[in-house]
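Enquirer: I am attaching a structure below and will ask some questions about it afterwards.
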Amino acid sequence: TKGSPGKVQSITCFSSENHFVDKHRVELIQRVSNVGPVLDELLNKNVIQQESYDRIRALPTSQEKIRELYNGPLKAGSSSKDVFYKVLQTHERRLVNDLC
């Protein structure tokens with residue numbers, strides 16, 4: 001569906017069983033490519049700390065970076081996953097739309 005011109009349409013595709021971030025773990029690890037801005041926002045929103053940010057940024061591939069997010073900050077609970085999902089909507093909108 002198309003929203004009003006000039007407005008960013010927010011897509012929500014949560015199910016009661018699984019959070020979007022959990023349900024699409026494999027696809028997100030493989031397909032998120034714009035990792036730098038995602039990490040920047042997660043740091044800015046206090047989902048990750050500077051030490052984790054630096055460690056993750058130093059990893060050689062985007063897959064390893066996203067995998068490390070899953071192994072650390074995204075294990076913290078649904079609030080971290082909610083922020084990650086919103087950040088993905090901003091920086092990986094096409095991917096999120098494709099997975100919904």
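Each chain of the structure tokens is named A, B, ... in the order shown, its residues numbered from 1; ligands are numbered from 1 in display order.
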Find the residues around A:Lys81 up to 12 Å (only C-alpha atoms counted), leave out those fewer than 2 positions away in its own chain, and share them as a list in words.
Expert: Phe14, Asn18, His19, Phe20, Val21, Asp22, Lys23, His24, Arg25, Leu42, Val47, Ile48, Leu69, Tyr70, Gly72, Pro73, Leu74, Lys75, Ala76, Gly77, Ser78, Ser79, Val83, Phe84, Tyr85, Lys86, Val87 and Leu88 of chain A
Enquirer: Could you take the residues named above and write them with C-alpha atoms, as a CSV table (one decimal), in the first residue's frame?
Expert:
chain,number,residue,atom,x,y,z
A,14,PHE,CA,5.7,-8.6,14.3
A,18,ASN,CA,8.6,-14.4,17.3
A,19,HIS,CA,10.1,-10.9,17.1
A,20,PHE,CA,11.0,-9.9,13.5
A,21,VAL,CA,14.6,-9.8,14.5
A,22,ASP,CA,14.5,-13.4,15.8
A,23,LYS,CA,12.3,-14.7,13.0
A,24,HIS,CA,14.6,-13.3,10.2
A,25,ARG,CA,18.0,-13.9,12.0
A,42,LEU,CA,22.7,1.5,18.0
A,47,VAL,CA,21.9,-0.4,22.7
A,48,ILE,CA,25.6,-1.0,22.4
A,69,LEU,CA,25.2,-8.1,17.4
A,70,TYR,CA,23.1,-11.2,17.8
A,72,GLY,CA,25.7,-9.8,22.4
A,73,PRO,CA,23.4,-6.8,22.5
A,74,LEU,CA,20.4,-8.5,20.8
A,75,LYS,CA,20.4,-11.2,23.5
A,76,ALA,CA,19.5,-8.5,26.0
A,77,GLY,CA,15.8,-8.7,25.3
A,78,SER,CA,13.0,-7.3,23.3
A,79,SER,CA,13.7,-3.6,23.9
A,83,VAL,CA,15.5,-0.5,18.6
A,84,PHE,CA,17.4,-2.7,16.1
A,85,TYR,CA,14.2,-3.2,14.1
A,86,LYS,CA,13.5,0.5,13.9
A,87,VAL,CA,17.1,1.3,12.9
A,88,LEU,CA,16.8,-1.4,10.1
Enquirer: With only C-alpha atoms as the counted atoms, please give the residues lying no more than 7 Å from stretch 61-67 of chain A, apart from itself and same-chain residues fewer than 3 positions off, as a PyMOL selection string.
Expert: chain A and resi 29-30+33+35+56-57+70-71
Enquirer: Write out as a ChimeraX atom specification all residues of chain A that DSSP puts in helix (DSSP H, G or I) for this structure's backbone.
Expert: /A:20-23,25-31,35-44,50-57,62-71,73-75,78-91,93-99
Enquirer: Figure out the distance between atom CA of A:Pro60 and atom CA of A:Leu39, please, to one decimal in Å.
Expert: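 Taking atom CA of A:Leu39 and atom CA of A:Pro60, their separation equals 14.3 Å.
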Enquirer: Suppose you want the space between atom CA of A:Val38 and atom CA of A:Leu59; what is it in Å?
Expert: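 That distance, rounded to one decimal, is 14.5 Å.
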Enquirer: Nearest to A:Ser52 among A:Glu68, A:Glu27, A:Glu92, A:Asp82, with distances taken over only C-alpha atoms: which residue is it?
Expert: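 Ranked by minimum distance to A:Ser52, first place goes to A:Glu68.
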Enquirer: Would you work out the distance separating atom CA of A:Asp54 from atom CA of A:Asn97, expressed in Å to one decimal?
Expert: 29.2 Å
Enquirer: Within 12 Å of A:Asp98, counting only C-alpha atoms, which residues qualify if same-chain residues fewer than 2 places away don't, as a PyMOL selection string?
Expert: chain A and resi 11+13+24+27-28+31+89+92-96+100
Enquirer: Next, the residues of the selection above should be written as a compact mmCIF listing (two decimals), in the first residue's frame with C-alpha atoms.
Expert:
# COMPACT_ATOMS: atom_id res chain seq x y z
CA ILE A 11 5.82 -1.17 8.37
CA CYS A 13 5.53 -7.13 10.84
CA HIS A 24 14.62 -13.34 10.25
CA GLU A 27 18.36 -13.43 6.41
CA LEU A 28 19.45 -10.37 8.37
CA ARG A 31 21.65 -9.48 3.79
CA GLN A 89 13.56 0.32 8.94
CA GLU A 92 17.62 -1.20 5.32
CA ARG A 93 14.02 -0.38 4.40
CA ARG A 94 13.95 -2.50 1.23
CA LEU A 95 15.26 -5.52 3.09
CA VAL A 96 12.72 -5.10 5.90
CA CYS A 100 7.68 -8.72 5.91
